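Listing of input_2.cif, mmCIF, C-alpha atoms
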data_run
loop_
_atom_site.label_atom_id
_atom_site.label_comp_id
_atom_site.auth_asym_id
_atom_site.auth_seq_id
_atom_site.Cartn_x
_atom_site.Cartn_y
_atom_site.Cartn_z
CA VAL A 401 86.89 105.09 90.71
CA SER A 402 87.96 108.70 90.92
CA PHE A 403 88.05 111.15 88.10
CA GLY A 404 90.06 114.34 87.65
CA HIS A 405 87.50 116.70 86.13
CA HIS A 406 88.17 120.18 84.76
CA LEU A 407 84.66 121.55 84.37
CA SER A 408 82.40 124.45 85.17
CA LYS A 409 79.31 123.10 86.86
CA SER A 410 77.29 126.25 86.19
CA ALA A 411 78.26 126.13 82.52
CA LEU A 412 76.94 122.60 82.03
CA TYR A 413 73.34 123.37 82.96
CA PRO A 414 71.60 126.59 84.07
CA SER A 415 69.88 124.90 86.99
CA PRO A 416 70.35 121.62 88.92
CA GLU A 417 66.64 120.93 88.40
CA GLU A 418 67.08 120.91 84.62
CA GLY A 419 70.10 118.65 84.22
CA TRP A 420 72.66 116.31 85.71
CA GLN A 421 74.18 117.34 89.03
CA ILE A 422 77.87 116.52 89.46
CA TYR A 423 79.60 116.82 92.80
CA SER A 424 82.07 115.10 95.08
CA SER A 425 80.46 113.40 98.05
CA ALA A 426 83.00 111.06 99.61
CA GLN A 427 86.57 109.84 99.65
CA ASP A 428 87.83 106.40 98.72
CA ALA A 429 90.22 104.24 100.76
CA ASP A 430 93.19 106.15 99.34
CA GLY A 431 91.74 109.58 100.09
CA LYS A 432 90.80 110.39 96.47
CA CYS A 433 87.49 112.10 95.66
CA ILE A 434 84.57 110.01 94.45
CA CYS A 435 82.57 111.74 91.72
CA THR A 436 78.79 111.47 92.16
CA VAL A 437 76.36 112.04 89.31
CA VAL A 438 72.69 112.61 90.18
CA ALA A 439 70.14 112.06 87.44
CA PRO A 440 67.39 114.63 86.77
CA ALA A 441 63.76 113.63 87.02
CA GLN A 442 61.65 113.11 83.91
CA ASN A 443 59.04 115.73 83.02
CA MET A 444 56.30 113.35 84.11
CA CYS A 445 58.01 113.05 87.49
CA ASN A 446 58.32 116.83 87.85
CA ARG A 447 54.53 117.10 87.79
CA ASP A 448 54.45 114.85 90.85
CA PRO A 449 54.86 117.00 94.02
CA ARG A 450 56.48 114.04 95.80
CA SER A 451 59.20 113.52 93.16
CA ARG A 452 61.57 116.12 94.64
CA GLN A 453 61.39 114.50 98.07
CA LEU A 454 61.96 111.03 96.59
CA ARG A 455 64.89 112.30 94.52
CA GLN A 456 66.49 113.78 97.63
CA LEU A 457 66.06 110.45 99.40
CA MET A 458 67.70 108.62 96.48
CA GLU A 459 70.67 111.00 96.68
CA LYS A 460 71.00 110.36 100.42
CA VAL A 461 70.80 106.59 99.96
CA GLN A 462 73.43 106.78 97.21
CA ASN A 463 75.78 108.81 99.42
CA ILE A 464 75.28 106.50 102.39
CA SER A 465 75.93 103.42 100.20
CA GLN A 466 79.13 104.96 98.83
CA SER A 467 80.32 105.89 102.32
CA MET A 468 79.66 102.37 103.58
CA GLU A 469 81.55 100.86 100.62
CA VAL A 470 84.49 103.16 101.34
CA LEU A 471 84.45 102.15 105.00
CA ASP A 472 84.33 98.48 104.05
CA LEU A 473 87.31 98.76 101.67
CA ARG A 474 89.34 100.85 104.07
CA THR A 475 88.61 98.56 107.03
CA TYR A 476 89.57 95.51 104.94
CA ARG A 477 92.85 97.15 103.88
CA ASP A 478 93.69 98.35 107.41
CA LEU A 479 92.85 94.95 108.90
CA GLN A 480 95.34 93.35 106.51
CA TYR A 481 97.97 95.83 107.69
CA VAL A 482 97.22 95.12 111.37
CA ARG A 483 97.51 91.38 110.72
CA ASN A 484 100.84 91.91 108.98
CA THR A 485 102.19 93.81 112.01
CA GLU A 486 100.91 91.23 114.50
CA SER A 487 104.07 89.09 114.29
CA LEU A 488 106.24 92.20 114.70
CA MET A 489 104.31 93.16 117.85
CA LYS A 490 104.90 89.68 119.27
CA VAL A 491 108.64 90.07 118.64
CA VAL A 492 108.67 93.45 120.41
CA ASP A 493 106.65 92.05 123.30
CA GLY A 494 109.08 89.15 123.67
CA LYS A 495 112.10 91.45 123.68
CA LEU A 496 110.46 93.72 126.29
CA LYS A 497 109.78 90.74 128.56
CA VAL A 498 113.41 89.63 128.30
CA ALA A 499 114.59 93.16 129.02
CA SER A 500 112.30 93.56 132.06
CA GLU A 501 113.34 90.22 133.53
CA ASN A 502 117.04 90.89 132.99
CA PRO A 503 117.68 94.66 132.62
CA ARG A 504 121.44 94.25 132.94
CA GLY A 505 121.48 91.88 129.99
CA LEU A 506 120.23 94.65 127.66
CA ASN A 507 123.33 95.97 125.88
CA LEU A 508 123.55 98.86 123.42
CA LYS A 509 123.03 96.59 120.39
CA GLY A 510 119.98 94.93 121.96
CA PHE A 511 118.54 98.33 122.87
CA GLN A 512 119.03 99.59 119.30
CA GLU A 513 117.32 96.47 117.88
CA LEU A 514 114.37 97.00 120.21
CA LYS A 515 114.20 100.65 119.22
CA ASP A 516 114.22 99.72 115.50
CA LYS A 517 111.38 97.24 116.00
CA VAL A 518 109.28 99.85 117.84
CA THR A 519 109.98 102.35 115.03
CA GLN A 520 108.59 99.83 112.53
CA LEU A 521 105.34 99.81 114.53
CA LEU A 522 104.88 103.59 114.30
CA PRO A 523 102.89 103.45 110.98
CA LEU A 524 100.24 101.55 112.96
CA LEU A 525 99.30 104.77 114.83
CA PRO A 526 97.64 106.56 111.86
CA VAL A 527 95.77 103.34 111.06
CA LEU A 528 94.34 103.30 114.58
CA GLU A 529 93.49 107.01 114.29
CA GLN A 530 91.60 106.21 111.09
CA TYR A 531 89.69 103.52 112.95
CA LYS A 532 88.56 106.17 115.49
CA ALA A 533 87.44 108.49 112.69
CA ASP A 534 85.61 105.63 110.97
CA ALA A 535 83.80 104.78 114.22
CA LYS A 536 82.47 108.36 114.36
CA MET A 537 81.39 108.12 110.72
CA ILE A 538 79.46 104.92 111.47
CA LEU A 539 77.52 106.77 114.20
CA LEU A 540 76.68 109.54 111.72
CA LEU A 541 75.57 107.01 109.10
CA ARG A 542 73.39 105.28 111.69
CA GLU A 543 71.69 108.60 112.49
CA GLU A 544 71.19 109.32 108.76
CA VAL A 545 69.58 105.91 108.24
CA ARG A 546 67.27 106.52 111.21
CA ASN A 547 66.19 109.87 109.77
CA LEU A 548 65.65 108.31 106.35
CA SER A 549 63.41 105.65 107.89
CA LEU A 550 61.23 108.31 109.53
CA VAL A 551 60.90 110.28 106.27
CA LEU A 552 60.07 107.12 104.30
CA MET A 553 57.35 106.23 106.80
CA THR A 554 55.85 109.71 106.38
CA ILE A 555 55.94 109.44 102.58
CA GLN A 556 54.36 105.99 102.72
CA GLU A 557 51.43 107.38 104.75
CA GLU A 558 51.01 110.29 102.31
CA MET A 559 51.21 108.15 99.18
CA GLY A 560 48.65 105.57 100.22
CA ALA A 561 47.71 103.46 97.19
CA TYR A 562 50.34 105.02 94.92
CA ASP A 563 51.28 103.07 91.79
CA TYR A 564 54.62 101.58 92.89
CA GLU A 565 55.13 99.82 89.55
CA GLU A 566 54.99 103.18 87.77
CA LEU A 567 57.49 104.57 90.27
CA ARG A 568 59.79 101.59 89.73
CA GLN A 569 59.71 102.16 85.96
CA ARG A 570 60.67 105.80 86.52
CA VAL A 571 63.61 104.76 88.67
CA LEU A 572 64.79 102.26 86.02
CA LEU A 573 64.60 104.99 83.38
CA LEU A 574 66.65 107.32 85.55
CA GLU A 575 69.23 104.60 86.17
CA THR A 576 69.59 104.03 82.40
CA ARG A 577 70.19 107.74 81.87
CA LEU A 578 72.67 107.75 84.76
CA HIS A 579 74.65 104.91 83.16
CA SER A 580 74.65 106.79 79.86
CA CYS A 581 75.93 109.95 81.51
CA MET A 582 78.57 108.08 83.50
CA GLN A 583 79.95 106.61 80.30
CA LYS A 584 80.25 110.09 78.78
CA LEU A 585 81.98 111.34 81.92
CA GLY A 586 83.90 108.14 82.56
CA CYS A 587 86.31 108.08 79.63
CA GLY A 588 89.63 109.75 80.17
CA LYS A 589 93.37 109.34 80.39
CA LEU A 590 94.80 106.98 83.00
CA THR A 591 96.81 108.94 85.59
CA GLY A 592 96.96 106.61 88.57
CA VAL A 593 96.36 103.12 89.96
CA SER A 594 95.24 102.54 93.55
CA TYR A 595 96.73 100.30 96.21
CA PRO A 596 95.81 96.65 95.51
CA ILE A 597 92.76 95.07 97.12
CA THR A 598 93.22 91.33 97.61
CA VAL A 599 89.84 89.66 97.12
CA ARG A 600 90.91 86.03 97.53
CA ALA A 601 93.88 83.65 97.46
CA SER A 602 93.03 80.60 95.35
CA GLY A 603 94.30 78.45 92.51
CA SER A 604 97.81 78.10 91.14
CA ARG A 605 100.42 80.74 90.33
CA PHE A 606 98.83 81.52 86.94
CA GLY A 607 95.21 82.07 85.96
CA SER A 608 92.47 84.58 85.23
CA TRP A 609 89.23 85.76 86.80
CA MET A 610 86.61 88.22 85.64
CA THR A 611 83.08 89.59 85.64
CA ASP A 612 81.03 90.56 82.57
CA THR A 613 82.47 93.64 80.85
CA MET A 614 79.31 94.56 78.93
CA ILE A 615 77.78 97.99 79.64
CA PRO A 616 75.15 98.16 80.97
CA SER A 617 74.66 94.81 82.63
CA SER A 618 73.01 93.49 85.79
CA ASP A 619 74.98 90.24 85.62
CA ASN A 620 76.85 89.82 88.91
CA ARG A 621 78.45 86.43 88.17
CA VAL A 622 82.20 85.90 88.64
CA TRP A 623 84.26 83.42 86.60
CA SER A 624 87.59 81.83 87.50
CA MET A 625 89.95 79.93 85.15
CA ASP A 626 92.97 78.39 86.88
CA GLY A 627 96.17 77.82 84.89
CA TYR A 628 97.29 78.79 81.38
CA PHE A 629 98.00 75.40 79.77
CA LYS A 630 95.32 73.20 78.22
CA GLY A 631 92.63 74.06 80.80
CA ARG A 632 88.94 73.37 80.25
CA ARG A 633 87.28 73.94 83.65
CA VAL A 634 85.60 77.31 84.28
CA LEU A 635 84.08 77.96 87.71
CA GLU A 636 81.08 80.31 87.75
CA TYR A 637 80.14 81.99 91.05
CA ARG A 638 76.77 83.65 91.59
CA THR A 639 78.18 86.87 93.12
CA MET A 640 81.48 88.44 94.13
CA ASN A 641 80.70 87.61 97.75
CA ASP A 642 80.27 83.94 96.82
CA PHE A 643 83.61 84.04 94.99
CA MET A 644 85.33 85.49 98.06
CA LYS A 645 83.91 82.67 100.19
CA GLY A 646 84.39 79.95 97.54
CA GLN A 647 80.70 78.95 97.59
CA ASN A 648 77.62 78.79 95.31
CA PHE A 649 79.41 77.93 92.08
CA VAL A 650 78.79 75.75 89.04
CA GLN A 651 81.31 74.26 86.64
CA HIS A 652 81.57 74.68 82.87
CA LEU A 653 83.65 72.15 80.96
CA LEU A 654 84.72 73.84 77.74
CA PRO A 655 84.56 71.73 74.56
CA HIS A 656 88.03 72.97 73.54
CA PRO A 657 90.97 73.69 75.93
CA TRP A 658 92.34 77.21 76.34
CA ALA A 659 95.81 78.70 76.02
CA GLY A 660 97.16 81.61 78.08
CA THR A 661 95.18 83.81 80.47
CA GLY A 662 93.88 86.46 78.06
CA HIS A 663 90.20 85.52 78.33
CA VAL A 664 87.29 87.95 78.61
CA VAL A 665 83.55 87.67 79.35
CA TYR A 666 81.45 90.04 77.25
CA ASN A 667 77.66 90.06 77.17
CA GLY A 668 77.26 86.61 78.73
CA SER A 669 79.86 84.84 76.55
CA LEU A 670 83.45 83.79 77.18
CA TYR A 671 85.97 84.73 74.48
CA TYR A 672 89.19 82.71 74.67
CA ASN A 673 92.16 81.46 72.62
CA LYS A 674 91.95 77.80 71.62
CA TYR A 675 94.96 75.72 72.70
CA GLN A 676 97.80 75.42 70.12
CA SER A 677 96.07 77.66 67.58
CA ASN A 678 95.28 81.29 66.81
CA ILE A 679 91.57 80.50 66.85
CA ILE A 680 89.29 82.61 69.06
CA ILE A 681 86.25 80.82 70.51
CA LYS A 682 83.02 82.44 71.70
CA TYR A 683 81.40 80.20 74.34
CA HIS A 684 77.93 81.11 75.63
CA PHE A 685 77.49 80.32 79.34
CA ARG A 686 73.68 80.06 79.51
CA SER A 687 73.38 77.60 76.61
CA ARG A 688 76.77 75.97 77.38
CA SER A 689 77.64 75.99 73.69
CA VAL A 690 80.17 77.44 71.24
CA LEU A 691 78.47 80.16 69.20
CA VAL A 692 81.36 80.95 66.86
CA GLN A 693 85.08 80.31 66.38
CA ARG A 694 87.39 82.17 64.05
CA SER A 695 91.09 82.30 63.28
CA LEU A 696 92.91 85.56 64.08
CA SER A 697 94.79 85.77 60.80
CA GLY A 698 98.58 85.68 61.14
CA ALA A 699 98.54 85.88 64.94
CA GLY A 700 101.36 84.09 66.73
CA TYR A 701 100.45 81.35 69.23
CA ASN A 702 101.95 78.62 71.43
CA ASN A 703 104.58 80.92 73.02
CA THR A 704 105.71 82.45 69.72
CA PHE A 705 105.03 86.01 70.92
CA PRO A 706 103.99 85.87 74.60
CA TYR A 707 104.25 88.52 77.28
CA SER A 708 107.48 88.56 79.30
CA TRP A 709 106.19 85.88 81.70
CA GLY A 710 105.49 83.35 78.91
CA GLY A 711 102.54 81.09 79.60
CA SER A 712 101.20 80.91 76.01
CA SER A 713 100.05 84.52 76.46
CA ASP A 714 100.31 85.24 72.72
CA ILE A 715 96.69 86.38 72.28
CA ASP A 716 95.10 88.66 74.89
CA LEU A 717 91.36 89.37 74.54
CA MET A 718 89.85 92.33 76.36
CA ALA A 719 86.93 94.76 76.41
CA ASP A 720 86.53 98.44 77.24
CA GLU A 721 83.99 101.24 76.75
CA ASN A 722 84.42 100.91 72.96
CA GLY A 723 83.85 97.15 72.67
CA LEU A 724 85.87 93.96 72.14
CA TRP A 725 89.62 93.89 71.36
CA ALA A 726 92.43 91.42 70.63
CA VAL A 727 96.06 92.19 71.48
CA TYR A 728 98.64 89.97 69.77
CA THR A 729 101.45 90.12 67.21
CA THR A 730 102.47 88.60 63.91
CA ILE A 731 105.71 87.77 62.09
CA PRO A 732 105.17 90.59 59.52
CA ASN A 733 104.80 92.99 62.47
CA ALA A 734 108.22 91.82 63.74
CA GLY A 735 106.89 90.84 67.15
CA ASN A 736 105.44 94.30 67.91
CA ILE A 737 102.08 94.53 69.66
CA VAL A 738 99.11 94.62 67.29
CA ILE A 739 95.64 95.81 68.39
CA SER A 740 92.52 94.67 66.55
CA ARG A 741 88.95 95.71 67.29
CA LEU A 742 86.61 92.72 66.89
CA GLU A 743 82.96 92.41 65.98
CA PRO A 744 81.52 90.48 68.98
CA GLN A 745 79.05 88.35 66.99
CA SER A 746 81.23 87.19 64.09
CA LEU A 747 84.72 87.85 65.56
CA GLU A 748 85.56 89.67 62.33
CA VAL A 749 88.47 92.12 62.59
CA LEU A 750 87.08 95.65 62.13
CA GLN A 751 90.29 97.67 62.37
CA THR A 752 93.95 97.03 63.26
CA TRP A 753 96.81 99.15 64.67
CA ASP A 754 100.55 98.38 64.90
CA THR A 755 101.84 99.94 68.14
CA GLY A 756 105.54 99.43 67.43
CA PHE A 757 106.06 98.14 71.00
CA PRO A 758 107.78 94.70 71.31
CA LYS A 759 105.35 92.27 72.93
CA ARG A 760 108.05 90.20 74.65
CA SER A 761 109.08 93.36 76.54
CA ALA A 762 105.57 93.79 77.94
CA GLY A 763 104.49 92.32 81.26
CA GLU A 764 100.76 92.71 80.58
CA SER A 765 98.42 95.15 78.82
CA PHE A 766 94.83 96.41 79.09
CA MET A 767 92.47 98.76 77.22
CA ILE A 768 90.72 101.81 78.71
CA CYS A 769 88.60 104.08 76.49
CA GLY A 770 90.33 102.92 73.30
CA THR A 771 93.84 103.32 74.72
CA LEU A 772 96.16 100.34 75.25
CA TYR A 773 98.28 100.60 78.41
CA VAL A 774 101.35 98.35 78.62
CA THR A 775 103.37 97.40 81.71
CA ASN A 776 107.13 96.99 81.46
CA SER A 777 107.29 93.85 83.63
CA HIS A 778 105.23 91.17 85.38
CA LEU A 779 107.54 91.21 88.42
CA ALA A 780 107.96 93.49 91.45
CA GLY A 781 108.70 97.10 90.52
CA ALA A 782 106.51 96.98 87.41
CA LYS A 783 104.89 100.17 86.13
CA ILE A 784 102.64 101.24 83.27
CA TYR A 785 105.27 102.27 80.77
CA PHE A 786 103.61 102.75 77.37
CA ALA A 787 100.25 103.97 76.04
CA TYR A 788 98.88 103.67 72.50
CA TYR A 789 95.88 105.80 71.52
CA THR A 790 93.78 104.12 68.81
CA ASN A 791 91.66 107.23 68.23
CA THR A 792 94.75 109.15 66.99
CA SER A 793 97.11 106.24 66.15
CA THR A 794 99.77 107.84 68.37
CA TYR A 795 101.73 106.64 71.40
CA GLU A 796 103.64 107.96 74.37
CA TYR A 797 105.86 106.57 77.11
CA THR A 798 104.32 106.84 80.58
CA ASP A 799 105.45 106.41 84.16
CA ILE A 800 102.47 105.20 86.21
CA PRO A 801 103.58 103.05 89.16
CA PHE A 802 101.45 100.42 90.86
CA HIS A 803 102.12 98.07 93.76
CA ASN A 804 102.79 94.51 92.52
CA GLN A 805 102.09 93.01 95.94
CA TYR A 806 102.72 89.33 95.18
CA SER A 807 105.45 89.87 92.56
CA HIS A 808 104.12 87.81 89.63
CA ILE A 809 101.20 89.08 87.54
CA SER A 810 99.91 86.66 84.89
CA MET A 811 96.68 88.49 84.02
CA MET A 812 95.67 92.17 84.10
CA ASP A 813 92.39 93.36 82.55
CA TYR A 814 90.18 96.44 82.84
CA ASN A 815 86.44 96.13 83.46
CA PRO A 816 84.65 99.19 82.04
CA ARG A 817 81.41 98.42 83.89
CA GLU A 818 83.09 98.53 87.31
CA ARG A 819 86.08 100.66 86.22
CA VAL A 820 88.63 98.50 88.01
CA LEU A 821 91.61 96.38 87.00
CA TYR A 822 91.31 92.63 87.61
CA THR A 823 94.64 90.85 88.17
CA TRP A 824 95.83 87.34 88.97
CA ASN A 825 98.98 87.72 91.02
CA ASN A 826 100.83 84.61 92.16
CA GLY A 827 97.69 82.71 93.21
CA HIS A 828 95.91 85.85 94.49
CA GLN A 829 92.91 87.53 92.90
CA VAL A 830 93.46 91.27 93.20
CA LEU A 831 91.59 94.46 92.22
CA TYR A 832 92.93 97.96 91.54
CA ASN A 833 90.86 101.14 91.25
CA VAL A 834 91.97 103.53 88.52
CA THR A 835 92.13 107.33 88.31
CA LEU A 836 91.07 108.77 84.96
CA PHE A 837 91.59 112.41 84.02
CA GLN A 838 89.52 114.23 81.45
CA VAL A 839 88.74 117.77 80.40
CA ILE A 840 85.06 118.42 79.80
CA LYS A 841 84.84 121.38 77.41
CA THR A 842 81.92 123.75 77.83
CA SER A 843 80.55 126.48 75.61
CA GLY A 844 82.41 129.03 77.73
CA ASP A 845 85.86 127.51 77.02
#

Show me this structure written as structure tokens.
Amino acid sequence: VSFGHHLSKSALYPSPEEGWQIYSSAQDADGKCICTVVAPAQNMCNRDPRSRQLRQLMEKVQNISQSMEVLDLRTYRDLQYVRNTESLMKVVDGKLKVASENPRGLNLKGFQELKDKVTQLLPLLPVLEQYKADAKMILLLREEVRNLSLVLMTIQEEMGAYDYEELRQRVLLLETRLHSCMQKLGCGKLTGVSYPITVRASGSRFGSWMTDTMIPSSDNRVWSMDGYFKGRRVLEYRTMNDFMKGQNFVQHLLPHPWAGTGHVVYNGSLYYNKYQSNIIIKYHFRSRSVLVQRSLSGAGYNNTFPYSWGGSSDIDLMADENGLWAVYTTIPNAGNIVISRLEPQSLEVLQTWDTGFPKRSAGESFMICGTLYVTNSHLAGAKIYFAYYTNTSTYEYTDIPFHNQYSHISMMDYNPRERVLYTWNNGHQVLYNVTLFQVIKTSGD
């Protein structure tokens, strides 16, 4: 995730040793800056002469991990592009063979066709150049890892019988503070959506998939729910890697079938709309039981007020940095999108907003930092067209394009823990990174 920050680093803290350090350390697959936040050490750690050296090592490890993730994403994206051009290369190769075997048979039209095909291959050149640059970066990363290993060996000899459990507790404390700071920095206005990253192709045309949206959480499980009509089977994968490979999963058979694709997992429980009703069910995965179910008063259901693609998508549940939400509409609201913030334990409605935007004109919607973003279509050419700000009860029309690669989105939800958009697009499970802009005001402003 990349952030557009307007801030004065020197104005935030007088010294890097006394506060959070914020800097840009890498680029993502689209060339955008990745913001890195480094946590300060606790006072008890500052008394330890080895803490500074360990902190520097943690920063290096963090930067190397980010760089490797960027390389992995970029290589995956570029490999897809190379595979897509493979058939075109075969066509060009075939035409060249025909032309070489029978030069006189190559007329002006045939030459122009060959030239056009070669022109279509030209975008492959920068991809190959990027591969060369990435290969050099891998060599640099390898050297950094080697140096880190030598330093760690030296520290290990110096530390001897050091209390590693105490050190681990310090690291956990720092990570908690880092998460807290990231949430303060993380909220902002959506300004861009990245190129799609296809994680897997599975299931039918419609469905939903997700990870836990609770912050913070160490839960790495992935859930998949195929279809929108009367489904009961939820597949739970141990990790994202297992989901990509289709392995290491267990099955949950829900006691009540679902409607639509607007499900969300929040703090270990699945929240979903019960089939042919406006009842929301909270199903706990660990205990495999329904903890609570409650009617969303007046909410339309059973294709009364769906998104533009239909599919019983009347009630869309979602979570962001501010908690749990329901997006729906009612007859008194004349079919306009209604937003309600829900209490996660009781499912009680805490507050409600009428956006004034017709739900049937929306392709999908998602919440980021208390703002509902609405797309104008579920088909190719869709863009994020409307934003409603719950903190001010105001709205604006937007023009944020995104690439709808497989031309039929039936689920689009934001995960605040990972700061990505999860989508189900015509039988493909796809991720988008988001760009958030914020102004951090300092005392000097």

Problem set entry | Nearest-residue call for A:Gly827, choices A:Ile615, A:Leu635, A:Leu574, A:Met625, using only C-alpha atoms |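 Closest residue, counting only C-alpha atoms: A:Met625.
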
Problem set entry | Residues returned when the PyMOL selection byres ((chain A and resi 712) around 7) runs on this file, as a ChimeraX atom specification | /A:628,659-660,701-703,706,710-711,713-714

For this session: Write out as a VMD selection string which residues come within 12 Å of A:Gln520 when counting all atoms listed in the file, dropping same-chain ones fewer than 2 positions away.
Result: chain A and resid 484 to 489 491 to 492 513 to 518 522 to 525

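Polymer residues near (72.5, 95.4, 81.1): counting all atoms listed in the file with a cut-off of 10 Å, they are A:Thr576, A:His579, A:Asp612, A:Met614, A:Ile615, A:Pro616, A:Ser617, A:Ser618, A:Asp619, A:Asn667, A:Arg817.
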
Problem set entry | Polymer residues at most 12 Å from A:Ser697, only C-alpha atoms, same-chain spacing of 3 or more positions, as a PyMOL selection string | chain A and resi 677-680+694+700-701+715+726+728-732+738+740+747-749+752

Problem set entry | Who sits within 10 Å of stretch 721-723 of chain A, only C-alpha atoms, same chain under 6 positions skipped, as a VMD selection string | chain A and resid 583 to 584 586 to 587 613 to 615 666 741 to 744 767 to 771 814 to 817 819

Problem set entry | Distance of atom CA of A:Leu548 from atom CA of A:Gln569, expressed in Å to one decimal place |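 Pair atom CA of A:Gln569 / atom CA of A:Leu548 returns 22.1 Å.
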
Problem set entry | Computed interatomic separation between atom CA of A:Ser708 and atom CA of A:Asn776 (Å) |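 One can read the atom CA of A:Ser708 to atom CA of A:Asn776 distance as 8.7 Å.
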
For this session: Take atom CA of A:Gly592 and atom CA of A:Val665 and report the distance between them in Å, one decimal.
Result: 25.0 Å

Problem set entry | Among listed residues A:Lys589, A:His808, A:Thr519, A:Leu772, nearest A:Phe757 (using only C-alpha atoms) |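 Nearest candidate to A:Phe757 out of A:Lys589, A:His808, A:Thr519, A:Leu772: A:Leu772.
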
Taking the file above as input, evaluate the PyMOL selection byres ((chain A and resi 639) around 10) and report the hits as a short mmCIF file (atom, residue, chain, number, x, y, z; two decimals) with C-alpha atoms, keeping the file's coordinate frame.
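Saved result, result-v9.cif, follows:
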data_model
loop_
_atom_site.label_atom_id
_atom_site.label_comp_id
_atom_site.auth_asym_id
_atom_site.auth_seq_id
_atom_site.Cartn_x
_atom_site.Cartn_y
_atom_site.Cartn_z
CA THR A 611 83.08 89.59 85.64
CA ASP A 619 74.98 90.24 85.62
CA ASN A 620 76.85 89.82 88.91
CA ARG A 621 78.45 86.43 88.17
CA VAL A 622 82.20 85.90 88.64
CA TRP A 623 84.26 83.42 86.60
CA GLU A 636 81.08 80.31 87.75
CA TYR A 637 80.14 81.99 91.05
CA ARG A 638 76.77 83.65 91.59
CA MET A 640 81.48 88.44 94.13
CA ASN A 641 80.70 87.61 97.75
CA ASP A 642 80.27 83.94 96.82
CA PHE A 643 83.61 84.04 94.99
CA MET A 644 85.33 85.49 98.06
CA GLN A 647 80.70 78.95 97.59
CA ASN A 648 77.62 78.79 95.31
CA PHE A 649 79.41 77.93 92.08
#

Exercise. Nearest to A:Tyr476 among A:Val599, A:Met537, A:Leu457, A:Leu573, with distances taken over all atoms listed in the file: which residue is it?
Worked result: A:Val599

Exercise. Could you list as a PyMOL selection string every residue that has an atom within 7 Å of (99.8, 100.2, 65.3), using the file's coordinates and counting all atoms listed in the file?
Worked result: chain A and resi 738-739+752-756+793

Neighbouring residues of A:Tyr773 were defined as those with any atom within 9 Å, considering only C-alpha atoms; residues of the same chain fewer than 4 positions away were excluded. Please report them as a PDB file with C-alpha atoms, in the coordinates of the input.
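Result file result.pdb:
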ATOM      1  CA  LEU A 590      94.800 106.980  83.000  1.00  0.00           C
ATOM      2  CA  GLU A 764     100.760  92.710  80.580  1.00  0.00           C
ATOM      3  CA  SER A 765      98.420  95.150  78.820  1.00  0.00           C
ATOM      4  CA  PHE A 766      94.830  96.410  79.090  1.00  0.00           C
ATOM      5  CA  MET A 767      92.470  98.760  77.220  1.00  0.00           C
ATOM      6  CA  ILE A 768      90.720 101.810  78.710  1.00  0.00           C
ATOM      7  CA  ILE A 784     102.640 101.240  83.270  1.00  0.00           C
ATOM      8  CA  TYR A 785     105.270 102.270  80.770  1.00  0.00           C
ATOM      9  CA  PHE A 786     103.610 102.750  77.370  1.00  0.00           C
ATOM     10  CA  ALA A 787     100.250 103.970  76.040  1.00  0.00           C
ATOM     11  CA  TYR A 788      98.880 103.670  72.500  1.00  0.00           C
ATOM     12  CA  TYR A 789      95.880 105.800  71.520  1.00  0.00           C
ATOM     13  CA  THR A 798     104.320 106.840  80.580  1.00  0.00           C
TER      14      THR A 798
END

For this session: Would you please work out which residue, of A:Pro655, A:Gly763, A:Pro596, A:Gly662, is nearest to A:Asp626 when using all atoms listed in the file?
Result: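 Looking at the shortest contact to A:Asp626, the residue is A:Gly662.
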